[in-house]
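my_file10.txt (compact mmCIF, C-alpha atoms)
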```txt
# COMPACT_ATOMS: atom_id res chain seq x y z
CA MET C 1 3.25 -37.02 -17.96
CA GLU C 2 6.03 -37.51 -20.51
CA SER C 3 3.89 -36.21 -23.38
CA THR C 4 2.94 -33.14 -21.33
CA THR C 5 6.61 -32.42 -20.62
CA ASN C 6 7.52 -32.78 -24.29
CA LYS C 7 4.66 -30.48 -25.24
CA SER C 8 5.85 -27.84 -22.77
CA GLU C 9 9.45 -28.00 -23.93
CA GLY C 10 8.34 -27.46 -27.54
CA CYS C 11 6.56 -24.18 -26.81
CA GLU C 12 7.99 -20.68 -26.82
CA PHE C 13 7.36 -17.54 -24.79
CA VAL C 14 6.97 -14.04 -26.22
CA LEU C 15 7.81 -11.01 -24.07
CA ILE C 16 5.11 -8.34 -24.46
CA GLY C 17 6.66 -5.74 -22.14
CA PHE C 18 4.10 -2.98 -21.55
CA PRO C 19 0.92 -4.11 -23.39
CA GLY C 20 -0.46 -0.56 -23.36
CA LEU C 21 2.61 1.00 -24.99
CA ALA C 22 1.81 2.18 -28.52
CA GLU C 23 4.07 0.85 -31.28
CA LYS C 24 5.27 4.36 -32.20
CA PHE C 25 6.93 4.61 -28.77
CA HIS C 26 8.75 1.26 -28.99
CA VAL C 27 12.04 2.63 -30.36
CA GLY C 28 12.07 5.51 -27.86
CA PHE C 29 11.34 3.21 -24.95
CA GLY C 30 14.06 0.84 -26.20
CA ILE C 31 16.51 3.75 -26.18
CA PHE C 32 15.47 4.61 -22.62
CA ILE C 33 16.02 1.01 -21.46
CA PHE C 34 19.36 0.96 -23.32
CA LEU C 35 20.47 4.09 -21.43
CA VAL C 36 19.31 2.62 -18.11
CA TYR C 37 21.25 -0.56 -18.83
CA ASN C 38 24.42 1.33 -19.73
CA VAL C 39 24.24 3.53 -16.62
CA SER C 40 23.75 0.41 -14.49
CA LEU C 41 26.54 -1.41 -16.33
CA CYS C 42 29.04 1.44 -15.94
CA ALA C 43 28.13 2.27 -12.34
CA ASN C 44 28.14 -1.31 -11.03
CA ALA C 45 31.20 -2.32 -13.05
CA THR C 46 33.10 0.71 -11.70
CA VAL C 47 32.25 -0.22 -8.11
CA ILE C 48 33.21 -3.88 -8.65
CA ILE C 49 36.53 -3.06 -10.38
CA LEU C 50 37.54 -0.46 -7.78
CA ILE C 51 36.78 -2.79 -4.86
CA PHE C 52 38.51 -5.74 -6.55
CA LEU C 53 41.69 -3.92 -7.61
CA LYS C 54 42.27 -1.46 -4.75
CA GLU C 55 43.64 -3.24 -1.69
CA HIS C 56 42.59 -0.51 0.76
CA LEU C 57 38.97 -1.20 -0.23
CA HIS C 58 39.26 -4.86 0.81
CA GLN C 59 37.13 -4.20 3.88
CA PRO C 60 33.85 -5.82 5.00
CA MET C 61 31.56 -2.94 4.04
CA TYR C 62 33.01 -2.65 0.52
CA ILE C 63 32.92 -6.43 -0.01
CA ILE C 64 29.19 -6.34 0.78
CA ILE C 65 28.66 -3.36 -1.57
CA GLY C 66 30.62 -5.21 -4.27
CA SER C 67 28.45 -8.33 -3.79
CA LEU C 68 25.32 -6.23 -4.26
CA ALA C 69 26.81 -4.63 -7.40
CA ILE C 70 27.59 -8.09 -8.86
CA SER C 71 24.01 -9.23 -8.21
CA ASP C 72 22.53 -6.12 -9.85
CA LEU C 73 24.86 -6.35 -12.84
CA LEU C 74 23.96 -10.01 -13.42
CA PHE C 75 20.23 -9.28 -13.19
CA ASP C 76 20.33 -6.40 -15.69
CA THR C 77 22.56 -8.33 -18.12
CA THR C 78 20.19 -11.31 -17.97
CA THR C 79 17.02 -9.31 -18.63
CA LEU C 80 17.56 -5.93 -20.29
CA PRO C 81 19.33 -6.86 -23.58
CA LYS C 82 16.42 -9.13 -24.54
CA ILE C 83 13.76 -6.50 -23.91
CA ILE C 84 15.84 -3.90 -25.78
CA GLY C 85 15.94 -6.31 -28.74
CA LYS C 86 12.17 -6.75 -28.46
CA TYR C 87 11.47 -3.01 -28.71
CA TRP C 88 14.11 -2.33 -31.36
CA PHE C 89 13.92 -5.40 -33.58
CA GLY C 90 10.73 -7.18 -32.46
CA SER C 91 12.75 -10.20 -31.26
CA GLY C 92 10.92 -10.81 -28.00
CA SER C 93 10.59 -14.60 -28.22
CA LEU C 94 12.31 -17.03 -25.87
CA THR C 95 12.50 -20.82 -26.01
CA PHE C 96 11.10 -22.85 -23.14
CA VAL C 97 14.61 -23.48 -21.79
CA GLY C 98 15.66 -19.84 -22.31
CA CYS C 99 12.61 -18.48 -20.50
CA PHE C 100 12.96 -20.86 -17.56
CA LEU C 101 16.69 -20.20 -17.31
CA GLN C 102 15.97 -16.47 -17.17
CA MET C 103 13.25 -17.13 -14.59
CA THR C 104 15.69 -19.09 -12.41
CA ILE C 105 18.24 -16.26 -12.52
CA VAL C 106 15.57 -13.62 -11.80
CA HIS C 107 14.22 -15.52 -8.81
CA THR C 108 17.77 -16.12 -7.60
CA LEU C 109 18.95 -12.53 -7.76
CA ASN C 110 15.79 -10.87 -6.40
CA PRO C 111 16.02 -12.61 -2.99
CA LEU C 112 19.80 -12.25 -3.12
CA ASP C 113 19.43 -8.45 -3.15
CA SER C 114 17.23 -8.63 -0.04
CA LEU C 115 19.70 -10.94 1.73
CA ILE C 116 22.72 -8.74 0.91
CA ILE C 117 20.92 -5.57 2.03
CA MET C 118 20.01 -7.39 5.27
CA PHE C 119 23.69 -8.25 5.73
CA MET C 120 24.56 -4.61 5.02
CA ALA C 121 22.17 -3.50 7.78
CA ILE C 122 23.73 -5.98 10.23
CA ASP C 123 27.20 -4.72 9.26
CA ARG C 124 26.14 -1.10 9.97
CA TYR C 125 24.58 -2.19 13.28
CA VAL C 126 27.87 -3.73 14.44
CA ALA C 127 29.91 -0.76 13.13
CA ILE C 128 27.78 1.88 14.89
CA CYS C 129 26.63 0.07 18.02
CA HIS C 130 29.79 -2.01 18.70
CA PRO C 131 32.62 -0.10 16.97
CA LEU C 132 35.41 -1.44 19.21
CA ARG C 133 34.45 -5.05 18.48
CA TYR C 134 33.72 -4.50 14.78
CA HIS C 135 36.84 -6.11 13.31
CA SER C 136 36.62 -9.09 15.66
CA ILE C 137 32.97 -9.70 14.73
CA ILE C 138 33.00 -8.68 11.04
CA GLY C 139 36.21 -9.82 9.35
CA ASN C 140 36.99 -10.14 5.65
CA ARG C 141 37.04 -13.94 5.62
CA ARG C 142 33.79 -14.13 7.57
CA VAL C 143 32.14 -11.61 5.24
CA ILE C 144 33.25 -13.53 2.13
CA PHE C 145 31.97 -16.80 3.62
CA ILE C 146 28.59 -15.22 4.50
CA CYS C 147 28.27 -13.66 1.03
CA ILE C 148 28.95 -17.05 -0.61
CA SER C 149 26.36 -18.61 1.73
CA LEU C 150 23.79 -15.95 0.75
CA TYR C 151 24.44 -16.64 -2.93
CA THR C 152 23.94 -20.37 -2.27
CA VAL C 153 20.63 -19.80 -0.46
CA ALA C 154 19.47 -17.54 -3.30
CA VAL C 155 20.38 -20.14 -5.96
CA VAL C 156 18.40 -22.81 -4.11
CA THR C 157 15.43 -20.40 -3.91
CA GLY C 158 15.60 -19.67 -7.64
CA ILE C 159 15.72 -23.38 -8.51
CA CYS C 160 12.73 -24.09 -6.22
CA VAL C 161 10.65 -21.34 -7.87
CA MET C 162 11.60 -22.59 -11.33
CA TYR C 163 10.61 -26.14 -10.33
CA LEU C 164 7.20 -24.87 -9.20
CA ALA C 165 6.72 -23.27 -12.63
CA THR C 166 7.55 -26.56 -14.40
CA THR C 167 4.81 -28.47 -12.55
CA VAL C 168 2.14 -27.01 -14.87
CA PRO C 169 1.97 -27.61 -18.67
CA TYR C 170 2.45 -25.01 -21.41
CA ALA C 171 1.73 -25.14 -25.11
CA GLY C 172 2.04 -23.02 -28.23
CA SER C 173 3.12 -19.37 -28.12
CA ASN C 174 2.69 -17.97 -24.61
CA LYS C 175 2.54 -14.19 -24.26
CA VAL C 176 4.39 -12.96 -21.17
CA LYS C 177 3.14 -9.55 -20.08
CA ASN C 178 6.38 -8.42 -18.53
CA LEU C 179 9.90 -7.30 -19.45
CA PHE C 180 11.31 -10.69 -18.44
CA CYS C 181 10.22 -14.20 -17.47
CA SER C 182 9.03 -14.55 -13.88
CA ILE C 183 6.74 -17.15 -12.36
CA GLY C 184 4.00 -14.56 -11.77
CA THR C 185 3.70 -13.67 -15.46
CA VAL C 186 4.75 -17.00 -17.01
CA GLY C 187 2.53 -19.08 -14.73
CA VAL C 188 -0.68 -17.39 -15.88
CA THR C 189 -0.02 -18.50 -19.48
CA THR C 190 -0.56 -22.18 -18.65
CA TYR C 191 -3.77 -23.83 -19.89
CA VAL C 192 -4.58 -25.24 -16.43
CA ASN C 193 -5.46 -23.39 -13.22
CA PRO C 194 -2.15 -21.84 -12.04
CA ALA C 195 -3.50 -20.56 -8.68
CA PRO C 196 -2.01 -23.33 -6.43
CA VAL C 197 1.46 -22.92 -7.99
CA LEU C 198 1.35 -19.12 -7.91
CA LEU C 199 0.22 -19.18 -4.27
CA LYS C 200 3.22 -21.34 -3.30
CA ALA C 201 5.53 -18.99 -5.23
CA TYR C 202 3.87 -16.03 -3.49
CA TYR C 203 4.66 -17.53 -0.08
CA VAL C 204 8.27 -18.17 -1.11
CA GLY C 205 8.62 -14.58 -2.36
CA LEU C 206 7.00 -13.18 0.75
CA ALA C 207 9.33 -15.15 3.02
CA CYS C 208 12.38 -14.02 1.00
CA HIS C 209 11.17 -10.42 1.32
CA LEU C 210 9.74 -10.14 4.82
CA GLY C 211 12.43 -12.27 6.49
CA PRO C 212 15.36 -10.01 5.54
CA LEU C 213 13.18 -6.88 5.88
CA SER C 214 12.38 -7.71 9.51
CA PHE C 215 16.12 -7.98 10.27
CA ILE C 216 16.73 -4.70 8.42
CA ILE C 217 14.02 -2.85 10.39
CA PHE C 218 15.24 -4.33 13.68
CA SER C 219 18.89 -3.40 12.97
CA TYR C 220 18.15 0.17 11.94
CA SER C 221 15.75 0.67 14.85
CA ILE C 222 18.62 -0.04 17.24
CA ILE C 223 20.97 2.10 15.12
CA ILE C 224 18.54 5.06 15.20
CA ARG C 225 18.17 4.76 18.97
CA LYS C 226 21.95 4.59 19.35
CA ILE C 227 22.51 7.64 17.13
CA CYS C 228 19.79 9.70 18.86
CA SER C 229 21.24 8.95 22.31
CA SER C 230 24.79 9.90 21.25
CA VAL C 231 26.43 13.29 21.59
CA ARG C 232 26.40 15.10 18.26
CA SER C 233 29.82 15.15 16.61
CA ASP C 234 31.51 14.47 13.27
CA SER C 235 31.12 10.72 13.82
CA TRP C 236 27.42 11.28 14.65
CA ASN C 237 26.93 13.15 11.35
CA LYS C 238 28.81 10.46 9.42
CA ALA C 239 26.70 7.68 10.97
CA PHE C 240 23.48 9.59 10.31
CA TYR C 241 24.24 10.30 6.64
CA THR C 242 25.40 6.72 6.10
CA CYS C 243 22.06 5.49 7.44
CA VAL C 244 20.10 7.95 5.28
CA THR C 245 21.77 6.67 2.09
CA HIS C 246 21.17 3.07 3.15
CA TRP C 247 17.51 3.83 3.94
CA PHE C 248 17.05 5.22 0.44
CA VAL C 249 18.53 2.10 -1.15
CA ILE C 250 16.46 -0.14 1.14
CA GLY C 251 13.32 1.83 0.26
CA THR C 252 13.84 1.51 -3.50
CA TYR C 253 14.40 -2.24 -3.21
CA ASN C 254 11.69 -3.11 -0.68
CA VAL C 255 8.74 -0.68 -0.80
CA PRO C 256 7.73 -1.27 -4.46
CA ARG C 257 8.18 -5.04 -3.98
CA LEU C 258 5.84 -4.99 -0.98
CA LEU C 259 3.33 -3.00 -3.04
CA VAL C 260 3.48 -5.65 -5.79
CA TYR C 261 2.83 -8.48 -3.32
CA THR C 262 -0.09 -6.56 -1.78
CA TYR C 263 -1.44 -5.56 -5.21
CA GLU C 264 -1.35 -9.18 -6.43
CA GLN C 265 -3.41 -10.46 -3.51
CA THR C 266 -5.94 -7.65 -2.99
CA GLN C 267 -7.15 -7.07 -6.55
CA LYS C 268 -6.68 -8.12 -10.16
CA PRO C 269 -3.63 -6.13 -11.26
CA GLN C 270 -3.80 -3.72 -14.20
CA VAL C 271 -0.98 -5.02 -16.35
CA ASP C 272 0.84 -1.74 -17.10
CA ILE C 273 0.74 -0.66 -13.43
CA TYR C 274 1.90 -4.13 -12.40
CA VAL C 275 4.85 -4.09 -14.83
CA SER C 276 5.73 -0.52 -13.78
CA LEU C 277 5.94 -1.54 -10.11
CA ILE C 278 8.10 -4.53 -11.02
CA CYS C 279 10.45 -2.24 -12.98
CA LEU C 280 10.55 0.16 -10.04
CA TYR C 281 11.92 -2.40 -7.60
CA THR C 282 14.10 -4.33 -10.05
CA PHE C 283 15.86 -1.85 -12.33
CA VAL C 284 15.76 1.55 -10.59
CA PRO C 285 17.84 0.47 -7.54
CA HIS C 286 20.39 -1.21 -9.78
CA PHE C 287 21.72 2.04 -11.20
CA THR C 288 20.93 4.32 -8.25
CA SER C 289 22.53 2.31 -5.45
CA PRO C 290 26.11 2.25 -6.85
CA ILE C 291 25.86 5.96 -7.68
CA ILE C 292 24.63 6.71 -4.15
CA PHE C 293 27.40 4.63 -2.58
CA CYS C 294 30.03 6.34 -4.75
CA LEU C 295 28.71 9.87 -4.13
CA ARG C 296 28.25 9.41 -0.36
CA ASN C 297 31.36 7.32 0.34
CA GLU C 298 34.50 9.40 0.68
CA GLU C 299 36.86 6.43 0.33
CA ILE C 300 35.35 5.30 -2.98
CA LYS C 301 35.15 8.90 -4.27
CA LYS C 302 38.80 9.48 -3.38
CA THR C 303 39.87 6.22 -5.05
CA LEU C 304 37.85 6.95 -8.20
CA ARG C 305 39.22 10.50 -8.34
CA SER C 306 42.82 9.30 -8.07
CA VAL C 307 42.28 6.69 -10.82
CA LEU C 308 40.76 9.30 -13.17
CA GLU C 309 43.53 11.82 -12.45
CA ARG C 310 46.19 9.17 -13.08
CA LYS C 311 44.60 8.31 -16.43
CA LYS C 312 44.34 12.00 -17.31
CA HIS C 313 48.05 12.59 -16.75
CA SER C 314 49.20 9.37 -18.40
```
Have the structure of the file written as structure tokens, please.
Amino acid sequence: MESTTNKSEGCEFVLIGFPGLAEKFHVGFGIFIFLVYNVSLCANATVIILIFLKEHLHQPMYIIIGSLAISDLLFDTTTLPKIIGKYWFGSGSLTFVGCFLQMTIVHTLNPLDSLIIMFMAIDRYVAICHPLRYHSIIGNRRVIFICISLYTVAVVTGICVMYLATTVPYAGSNKVKNLFCSIGTVGVTTYVNPAPVLLKAYYVGLACHLGPLSFIIFSYSIIIRKICSSVRSDSWNKAFYTCVTHWFVIGTYNVPRLLVYTYEQTQKPQVDIYVSLICLYTFVPHFTSPIIFCLRNEEIKKTLRSVLERKKHS
């Protein structure tokens, strides 16, 4: 066992990205990823800074949005710079420790997104269905405590997935057909049968996805019924448009992920399609969700506008 562990720790992993992408497109694709990363970085950082610095944004809904922005920013910063370096400079190799550290972070932040979006749905349920009791049920301290608890659960999940990946041996240079290290793409590089480990990881991922998704669907089902039974007014329109923006964010996070899980189990995935679906549910929501929240939220728009105007006149 000790010799197997030493052998694994001496190997390295090489990120392949999209195997079907011709070399002449590598620089262009690297530029595209670089732009995506910068949009995500600017958008999420702006949301985090505004919510942190502006006292009137210290409210439950904005704390939840800020927690989601932190998660997305950490994920992109952990994964995208390395893949940009791979396509620009050919430096796609990771040490055993580096790959498994990245894997732990990836499998921590993916379920964290689902948990925070579930909490967001519950927050909207209380705000729309029990508005008079909202501040007694959802307070700042309670929200902060729940967000910390969700981060803790996500960290434990990430460590468990990483442990599963370490139970099989690796050797030599392992080619990872993905933009980052995940158990699904790292596990298949082992020289033993990875099926039992990948099946356990699949069940963990499915539970982390379907558990929060069931709460999300339940919460928004009640919200929709409440909105439809209400008299149409300005508050009705506000509630409806808030739900529409949230549904879009939920869809970008959850639908592609469900497709990946189904795709993995029903047929042998075509690598480029598989990687594309993974990119769709990991990176696309990270730069769209903060933009959506800023564009649709009057309070954040007003705060951002006042900050920009103050800088313009200073």
Do you have, as a tab-separated table, the list of residues of range 79-174 of chain C lying at most 9 Å from range 12-18 of chain C, each with its nearest atom pair and that distance in Å to one decimal, counting all atoms listed in the file and ordered by chain then number?
```
residue	atom	partner	partner_atom	distance
C:Lys82	CA	C:Leu15	CA	8.8
C:Ile83	CA	C:Gly17	CA	7.4
C:Lys86	CA	C:Leu15	CA	7.5
C:Tyr87	CA	C:Gly17	CA	8.6
C:Ser91	CA	C:Val14	CA	8.6
C:Gly92	CA	C:Leu15	CA	5.0
C:Ser93	CA	C:Val14	CA	4.2
C:Leu94	CA	C:Phe13	CA	5.1
C:Thr95	CA	C:Glu12	CA	4.6
C:Phe96	CA	C:Glu12	CA	5.3
C:Val97	CA	C:Glu12	CA	8.8
C:Gly98	CA	C:Glu12	CA	8.9
C:Cys99	CA	C:Phe13	CA	6.8
C:Tyr170	CA	C:Glu12	CA	8.9
C:Ala171	CA	C:Glu12	CA	7.9
C:Gly172	CA	C:Glu12	CA	6.5
C:Ser173	CA	C:Glu12	CA	5.2
C:Asn174	CA	C:Phe13	CA	4.7
```
Would you save the residues of that selection, restricted to C-alpha atoms, as a PDB file, in the frame of the given file?
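Output file result.pdb is given in full below:
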```pdb
ATOM      1  CA  LYS C  82      16.420  -9.130 -24.540  1.00  0.00           C
ATOM      2  CA  ILE C  83      13.760  -6.500 -23.910  1.00  0.00           C
ATOM      3  CA  LYS C  86      12.170  -6.750 -28.460  1.00  0.00           C
ATOM      4  CA  TYR C  87      11.470  -3.010 -28.710  1.00  0.00           C
ATOM      5  CA  SER C  91      12.750 -10.200 -31.260  1.00  0.00           C
ATOM      6  CA  GLY C  92      10.920 -10.810 -28.000  1.00  0.00           C
ATOM      7  CA  SER C  93      10.590 -14.600 -28.220  1.00  0.00           C
ATOM      8  CA  LEU C  94      12.310 -17.030 -25.870  1.00  0.00           C
ATOM      9  CA  THR C  95      12.500 -20.820 -26.010  1.00  0.00           C
ATOM     10  CA  PHE C  96      11.100 -22.850 -23.140  1.00  0.00           C
ATOM     11  CA  VAL C  97      14.610 -23.480 -21.790  1.00  0.00           C
ATOM     12  CA  GLY C  98      15.660 -19.840 -22.310  1.00  0.00           C
ATOM     13  CA  CYS C  99      12.610 -18.480 -20.500  1.00  0.00           C
ATOM     14  CA  TYR C 170       2.450 -25.010 -21.410  1.00  0.00           C
ATOM     15  CA  ALA C 171       1.730 -25.140 -25.110  1.00  0.00           C
ATOM     16  CA  GLY C 172       2.040 -23.020 -28.230  1.00  0.00           C
ATOM     17  CA  SER C 173       3.120 -19.370 -28.120  1.00  0.00           C
ATOM     18  CA  ASN C 174       2.690 -17.970 -24.610  1.00  0.00           C
TER      19      ASN C 174
END
```
* Atomic separation - CA of Arg257 in chain C relative to CA of Val168 in chain C, Å -> 25.3 Å
* range 42-49 of chain C surroundings by only C-alpha atoms, 12 Å radius, close-in-sequence under 3 positions cut, as a ChimeraX atom specification -> /C:35-39,52-55,57-58,62-77,285-295,297,299-301,303-304,307-308
* Out of C:Ile146, C:Asp123, C:Met162, C:Gly184, which residue has the shortest atom-to-atom distance to Thr104 in chain C when counting all atoms listed in the file? -> C:Met162
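Minimum atom-to-atom distance to Ile250 in chain C, evaluated using only C-alpha atoms, belongs to C:Ser114 out of C:Thr185, C:Ser114, C:Asn140, C:Ser229.
Residue neighbourhood of Arg142 in chain C, excluding near-sequence residues (fewer than 5 positions): Gln59, Pro60, Met61, Ile63, Ile64, Phe119, Asp123, His135, Ser136, Ile137, Cys147, Ile148 and Ser149 of chain C, at 12 Å, using only C-alpha atoms.
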* Contacts of Val188 in chain C at 9 Å or less, counting all atoms listed in the file, minus same-chain residues fewer than 6 places along, as a PyMOL selection string? -> chain C and resi 176+194-195+198
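One finds CA of Ile227 in chain C at 8.7 Å from CA of Cys129 in chain C.
Separating CA of Leu132 in chain C from CA of Met118 in chain C is a distance of 21.6 Å.
Distances from C:Val204, C:Cys279, C:Ile273, C:Val126 to Ile33 in chain C were compared using only C-alpha atoms, and the smallest one belongs to C:Cys279.
Shortest atom-to-atom contact with Leu179 in chain C among C:Ile216, C:Val271, C:Cys160, C:Leu112: C:Val271, counting all atoms listed in the file.
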* **Nearest to Pro111 in chain C by atom-to-atom distance, counting all atoms listed in the file, from C:Cys181, C:Ile278, C:Leu210, C:Leu21** => C:Leu210
* Leu164 in chain C surroundings by all atoms listed in the file, 8 Å radius, close-in-sequence under 3 positions cut, as a list in words -> Cys160, Val161, Thr167, Val168, Val197, Lys200 and Ala201 of chain C
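The shortest atom-to-atom distance to His26 in chain C, with only C-alpha atoms taken into account, belongs to C:Ile84 out of C:Ile84, C:His56, C:Tyr274, C:Gln102.
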